>>> print(open('model09.txt').read())   # compact mmCIF, C-alpha atoms
# COMPACT_ATOMS: atom_id res chain seq x y z
CA MET A 1012 -29.89 11.20 -7.08
CA GLU A 1013 -28.53 7.97 -5.60
CA ASP A 1014 -25.84 5.98 -7.42
CA SER A 1015 -28.15 2.99 -7.87
CA GLU A 1016 -30.70 5.24 -9.59
CA ILE A 1017 -28.05 6.64 -11.93
CA VAL A 1018 -26.82 3.14 -12.78
CA GLU A 1019 -30.41 2.12 -13.46
CA LEU A 1020 -30.69 5.01 -15.94
CA TYR A 1021 -27.65 3.63 -17.77
CA TRP A 1022 -29.17 0.16 -17.82
CA ARG A 1023 -32.36 1.60 -19.30
CA ARG A 1024 -30.19 3.52 -21.83
CA ASP A 1025 -31.74 6.77 -20.63
CA GLU A 1026 -29.53 9.68 -21.73
CA SER A 1027 -30.33 11.56 -18.53
CA ALA A 1028 -27.83 9.18 -16.89
CA ILE A 1029 -25.04 11.26 -18.39
CA ARG A 1030 -26.52 14.53 -17.07
CA GLU A 1031 -27.01 13.07 -13.59
CA THR A 1032 -23.50 11.62 -13.59
CA GLU A 1033 -22.03 14.96 -14.62
CA LYS A 1034 -24.06 16.77 -11.97
CA LYS A 1035 -23.04 14.42 -9.15
CA TYR A 1036 -19.50 13.39 -10.15
CA GLY A 1037 -18.30 15.88 -12.75
CA ALA A 1038 -16.29 17.90 -10.21
CA LEU A 1039 -14.66 14.74 -8.83
CA CYS A 1040 -13.66 13.52 -12.30
CA ARG A 1041 -12.47 17.01 -13.28
CA GLY A 1042 -10.36 17.24 -10.12
CA VAL A 1043 -8.78 13.84 -10.69
CA ALA A 1044 -7.98 14.64 -14.32
CA ARG A 1045 -6.75 18.16 -13.54
CA SER A 1046 -4.32 16.85 -10.93
CA ILE A 1047 -2.63 14.78 -13.64
CA LEU A 1048 -3.06 16.87 -16.77
CA ASN A 1049 -1.68 20.34 -17.39
CA THR A 1050 -4.69 22.22 -18.71
CA ALA A 1051 -8.34 22.64 -17.87
CA GLU A 1052 -9.19 21.84 -21.49
CA ASP A 1053 -7.40 18.47 -21.30
CA ALA A 1054 -9.14 17.71 -18.00
CA GLU A 1055 -12.52 18.60 -19.50
CA GLU A 1056 -11.86 16.30 -22.46
CA CYS A 1057 -10.97 13.55 -19.99
CA VAL A 1058 -14.28 14.08 -18.15
CA ASN A 1059 -16.16 13.83 -21.45
CA ASP A 1060 -14.27 10.63 -22.26
CA THR A 1061 -15.15 9.29 -18.80
CA LEU A 1062 -18.85 9.94 -19.39
CA HIS A 1063 -18.59 8.33 -22.82
CA GLN A 1064 -16.89 5.27 -21.34
CA ALA A 1065 -19.57 5.04 -18.64
CA TRP A 1066 -22.25 5.08 -21.34
CA ASN A 1067 -20.44 2.37 -23.30
CA THR A 1068 -19.67 0.04 -20.37
CA ILE A 1069 -22.77 0.32 -18.17
CA PRO A 1070 -24.24 -2.18 -18.97
CA PRO A 1071 -22.77 -4.81 -18.85
CA GLN A 1072 -20.77 -3.47 -15.89
CA CYS A 1073 -22.70 -2.50 -12.79
CA PRO A 1074 -20.39 -0.59 -10.44
CA ASP A 1075 -21.27 -0.81 -6.74
CA ARG A 1076 -19.61 2.53 -5.96
CA LEU A 1077 -20.18 4.72 -8.97
CA GLY A 1078 -18.03 7.61 -7.71
CA ALA A 1079 -14.99 5.38 -7.11
CA TRP A 1080 -15.50 3.68 -10.48
CA LEU A 1081 -15.74 7.01 -12.31
CA GLY A 1082 -12.70 8.34 -10.43
CA ARG A 1083 -10.69 5.32 -11.53
CA VAL A 1084 -11.82 5.69 -15.14
CA SER A 1085 -10.95 9.41 -15.10
CA ARG A 1086 -7.58 8.70 -13.55
CA ASN A 1087 -6.72 6.02 -16.09
CA LEU A 1088 -7.82 8.18 -19.01
CA ALA A 1089 -5.85 11.14 -17.65
CA LEU A 1090 -2.74 9.00 -17.18
CA ASN A 1091 -3.05 7.70 -20.74
CA ALA A 1092 -3.37 11.28 -22.03
CA TRP A 1093 -0.42 12.33 -19.89
CA LYS A 1094 1.70 9.47 -21.27
CA ARG A 1095 0.84 10.50 -24.82
CA GLU A 1096 1.85 14.07 -24.00
CA ARG A 1097 5.00 12.89 -22.23
CA THR A 1098 6.21 11.12 -25.33
CA GLN A 1099 6.30 14.54 -26.96
CA LYS A 1100 8.02 16.28 -24.05
CA ARG A 1101 8.83 15.51 -20.44
CA GLN A 1102 6.42 17.06 -17.91
CA GLY A 1103 7.38 18.07 -14.38
CA GLY A 1104 4.48 17.63 -11.95
CA THR A 1105 3.25 14.14 -12.66
CA THR A 1106 6.76 12.91 -13.42
CA ALA A 1107 7.85 14.03 -9.98
CA LEU A 1108 4.80 12.37 -8.43
CA LEU A 1109 5.51 9.05 -10.13
CA ASP A 1110 9.23 9.33 -9.36
CA GLU A 1111 8.39 9.63 -5.65
CA LEU A 1112 6.63 6.27 -5.76
CA ALA A 1113 9.14 4.58 -8.09
CA GLU A 1114 11.39 3.44 -5.26
CA CYS A 1115 8.67 1.54 -3.43
CA VAL A 1116 6.54 0.07 -6.23
CA PRO A 1117 7.87 -2.37 -8.83
CA GLY A 1118 8.14 -1.30 -12.47
CA PRO A 1119 5.45 -1.57 -15.13
CA VAL A 1120 3.36 -4.71 -15.03
CA THR A 1121 2.79 -6.63 -18.24
CA VAL A 1122 -0.13 -8.83 -19.17
CA GLU A 1123 1.94 -11.91 -18.27
CA HIS A 1124 2.18 -10.62 -14.72
CA GLU A 1125 -1.56 -10.10 -14.11
CA LEU A 1126 -1.59 -12.48 -11.14
CA GLU A 1127 1.42 -10.75 -9.62
CA ARG A 1128 -0.29 -7.40 -10.19
CA LYS A 1129 -3.35 -8.56 -8.29
CA GLU A 1130 -1.20 -9.89 -5.47
CA LEU A 1131 0.72 -6.61 -5.37
CA ALA A 1132 -2.55 -4.65 -5.28
CA GLY A 1133 -3.70 -6.87 -2.42
CA ALA A 1134 -0.46 -6.24 -0.54
CA ILE A 1135 -0.81 -2.48 -1.00
CA ASP A 1136 -4.47 -2.63 0.08
CA SER A 1137 -3.46 -4.60 3.17
CA TRP A 1138 -0.72 -2.09 3.95
CA LEU A 1139 -3.19 0.78 3.57
CA ARG A 1140 -5.71 -0.91 5.88
CA GLY A 1141 -2.96 -1.04 8.51
CA ARG A 1142 -2.54 2.75 8.44
CA SER A 1143 -4.61 5.29 10.31
CA ARG A 1144 -7.54 6.87 8.49
CA GLU A 1145 -5.58 10.12 8.17
CA ASP A 1146 -2.53 8.37 6.68
CA ARG A 1147 -4.69 6.39 4.24
CA THR A 1148 -6.45 9.56 3.15
CA LEU A 1149 -3.16 11.44 2.71
CA PHE A 1150 -1.57 8.60 0.76
CA LEU A 1151 -4.52 8.11 -1.56
CA ARG A 1152 -5.09 11.82 -2.16
CA ARG A 1153 -1.41 12.32 -2.96
CA TYR A 1154 -0.63 9.20 -4.98
CA TRP A 1155 -3.99 8.16 -6.41
CA TYR A 1156 -5.67 11.50 -6.98
CA GLY A 1157 -2.42 13.45 -7.48
CA VAL A 1158 -3.24 16.30 -5.09
CA GLU A 1159 -0.27 18.65 -4.74
CA LEU A 1160 1.75 18.42 -1.53
CA GLN A 1161 1.31 22.15 -0.90
CA GLU A 1162 -2.48 21.81 -1.12
CA LEU A 1163 -2.53 18.87 1.30
CA ALA A 1164 -0.25 20.75 3.71
CA ALA A 1165 -2.47 23.84 3.60
CA GLU A 1166 -5.58 21.74 4.28
CA ARG A 1167 -3.93 20.22 7.34
CA GLY A 1168 -2.31 23.43 8.56
CA VAL A 1169 1.25 22.08 8.42
CA SER A 1170 4.28 23.11 6.42
CA PRO A 1171 4.94 21.39 3.08
CA ASN A 1172 8.31 20.22 4.44
CA ARG A 1173 6.69 18.56 7.43
CA LEU A 1174 4.13 16.85 5.23
CA ALA A 1175 6.86 15.80 2.79
CA GLN A 1176 8.62 14.06 5.69
CA LYS A 1177 5.41 12.28 6.64
CA MET A 1178 4.88 11.17 3.03
CA HIS A 1179 8.49 9.94 2.91
CA ARG A 1180 7.89 7.85 6.04
CA LEU A 1181 4.72 6.39 4.50
CA ARG A 1182 6.54 5.50 1.27
CA ARG A 1183 9.41 3.97 3.27
CA SER A 1184 6.92 1.89 5.26
CA LEU A 1185 5.25 0.69 2.05
CA LYS A 1186 8.63 -0.14 0.53
CA GLN A 1187 9.68 -2.13 3.61
CA THR A 1188 6.39 -4.05 3.55
CA LEU A 1189 6.72 -4.86 -0.15
CA GLU A 1190 10.36 -5.88 0.28
CA LYS A 1191 9.41 -8.16 3.18
CA GLU A 1192 6.71 -9.77 1.06
CA GLY A 1193 9.11 -10.27 -1.86
CA TYR A 1194 7.75 -7.71 -4.33
CA LEU A 1195 10.95 -5.65 -4.43
>>> encode(input="model09.txt", output="structure tokens")
Amino acid sequence: MEDSEIVELYWRRDESAIRETEKKYGALCRGVARSILNTAEDAEECVNDTLHQAWNTIPPQCPDRLGAWLGRVSRNLALNAWKRERTQKRQGGTTALLDELAECVPGPVTVEHELERKELAGAIDSWLRGRSREDRTLFLRRYWYGVELQELAAERGVSPNRLAQKMHRLRRSLKQTLEKEGYL
């Protein structure tokens, strides 16, 4: 079923929208959540919360790219769940992932800095557009979707060390760009 048809089901408040969303995007949402959270059960709960949020926000929202929208919702919900868990004890995988990016992205953004956040997002988007398709894909899969370095290396048939060097160069390039534009 096409995204526009699924969105139309939400607008008509047809409960089959949830089934169709799960069928088409459940694996994507599960993968995003699982890359951040530690257990399949937590990831499944995140997927359920994503579907619930879709039901509650469509309408009035009408996402153009449903898969990207659902991926973002899943990611945000998973990060919130991870933060709640982290307050209880420090976790390794996602902490390491966020630590890798810490040197090239400014600290937490508050509500007062919403304009700066949008400008920063625009600068990062512009930087990404200047990269090759492969580099953009690698960067987004690693730092947006949280795919493990070993998994990305295996997919590309390179060693994890070699890919780690490539990711380091990408982060350094991003950092230099953001420093030049005055964000760091």
>>> closest_residue(input="model09.txt", among="A:Glu1052, A:Glu1166, A:Glu1192, A:Asp1014", to="A:Ala1079", atoms="only C-alpha atoms")
A:Asp1014
>>> atom_distance(input="model09.txt", atom1="atom CA of A:Ala1165", atom2="atom CA of A:Trp1080")
27.8 Å
>>> closest_residue(input="model09.txt", among="A:Leu1189, A:Ile1047, A:Leu1163, A:Leu1149", to="A:Ala1134", atoms="all atoms listed in the file")
A:Leu1189
>>> residues_around(input="model09.txt", residues="A:Asn1087", least_positions_apart="6", cutoff="12 Å", atoms="only C-alpha atoms", output="ChimeraX atom specification")
/A:1040,1043-1044,1047-1048,1057-1058,1060-1061,1064,1080-1081,1093-1094,1155-1156
>>> closest_residue(input="model09.txt", among="A:Met1178, A:Leu1151, A:Leu1139, A:Ala1038", to="A:Ala1164", atoms="only C-alpha atoms")
A:Met1178
>>> closest_residue(input="model09.txt", among="A:Val1158, A:Arg1076, A:Phe1150, A:Gly1168", to="A:Arg1180", atoms="all atoms listed in the file")
A:Phe1150
>>> closest_residue(input="model09.txt", among="A:Lys1035, A:Arg1095, A:Lys1129, A:Arg1045", to="A:Glu1016", atoms="only C-alpha atoms")
A:Lys1035
>>> closest_residue(input="model09.txt", among="A:Leu1174, A:Leu1131, A:Ala1065, A:Val1169", to="A:Asp1146", atoms="all atoms listed in the file")
A:Leu1174
>>> residues_near_point(input="model09.txt", point="(-27.9, 4.8, -12.5)", cutoff="10 Å", atoms="all atoms listed in the file", output="list in words")
Met1012, Glu1013, Asp1014, Ser1015, Glu1016, Ile1017, Val1018, Glu1019, Leu1020, Tyr1021, Trp1022, Arg1023, Arg1024, Asp1025, Ser1027, Ala1028, Ile1029, Glu1031, Thr1032, Ile1069, Cys1073, Pro1074 and Leu1077 of chain A
>>> write_last_selection(input="model09.txt", atoms="C-alpha atoms", output="compact mmCIF listing (two decimals), keeping the file's coordinate frame")
# COMPACT_ATOMS: atom_id res chain seq x y z
CA MET A 1012 -29.89 11.20 -7.08
CA GLU A 1013 -28.53 7.97 -5.60
CA ASP A 1014 -25.84 5.98 -7.42
CA SER A 1015 -28.15 2.99 -7.87
CA GLU A 1016 -30.70 5.24 -9.59
CA ILE A 1017 -28.05 6.64 -11.93
CA VAL A 1018 -26.82 3.14 -12.78
CA GLU A 1019 -30.41 2.12 -13.46
CA LEU A 1020 -30.69 5.01 -15.94
CA TYR A 1021 -27.65 3.63 -17.77
CA TRP A 1022 -29.17 0.16 -17.82
CA ARG A 1023 -32.36 1.60 -19.30
CA ARG A 1024 -30.19 3.52 -21.83
CA ASP A 1025 -31.74 6.77 -20.63
CA SER A 1027 -30.33 11.56 -18.53
CA ALA A 1028 -27.83 9.18 -16.89
CA ILE A 1029 -25.04 11.26 -18.39
CA GLU A 1031 -27.01 13.07 -13.59
CA THR A 1032 -23.50 11.62 -13.59
CA ILE A 1069 -22.77 0.32 -18.17
CA CYS A 1073 -22.70 -2.50 -12.79
CA PRO A 1074 -20.39 -0.59 -10.44
CA LEU A 1077 -20.18 4.72 -8.97
>>> axis_aligned_box(input="model09.txt", around="stretch 1173-1192 of chain A", padding_each_side="5 Å", output="JSON")
{"center_x": 7.2, "center_y": 4.4, "center_z": 3.6, "size_x": 16.2, "size_y": 38.3, "size_z": 17.6}
>>> atom_distance(input="model09.txt", atom1="atom CA of A:Glu1162", atom2="atom CA of A:Thr1148")
13.6 Å
>>> atom_distance(input="model09.txt", atom1="atom CA of A:Ala1054", atom2="atom CA of A:Asn1091")
12.0 Å
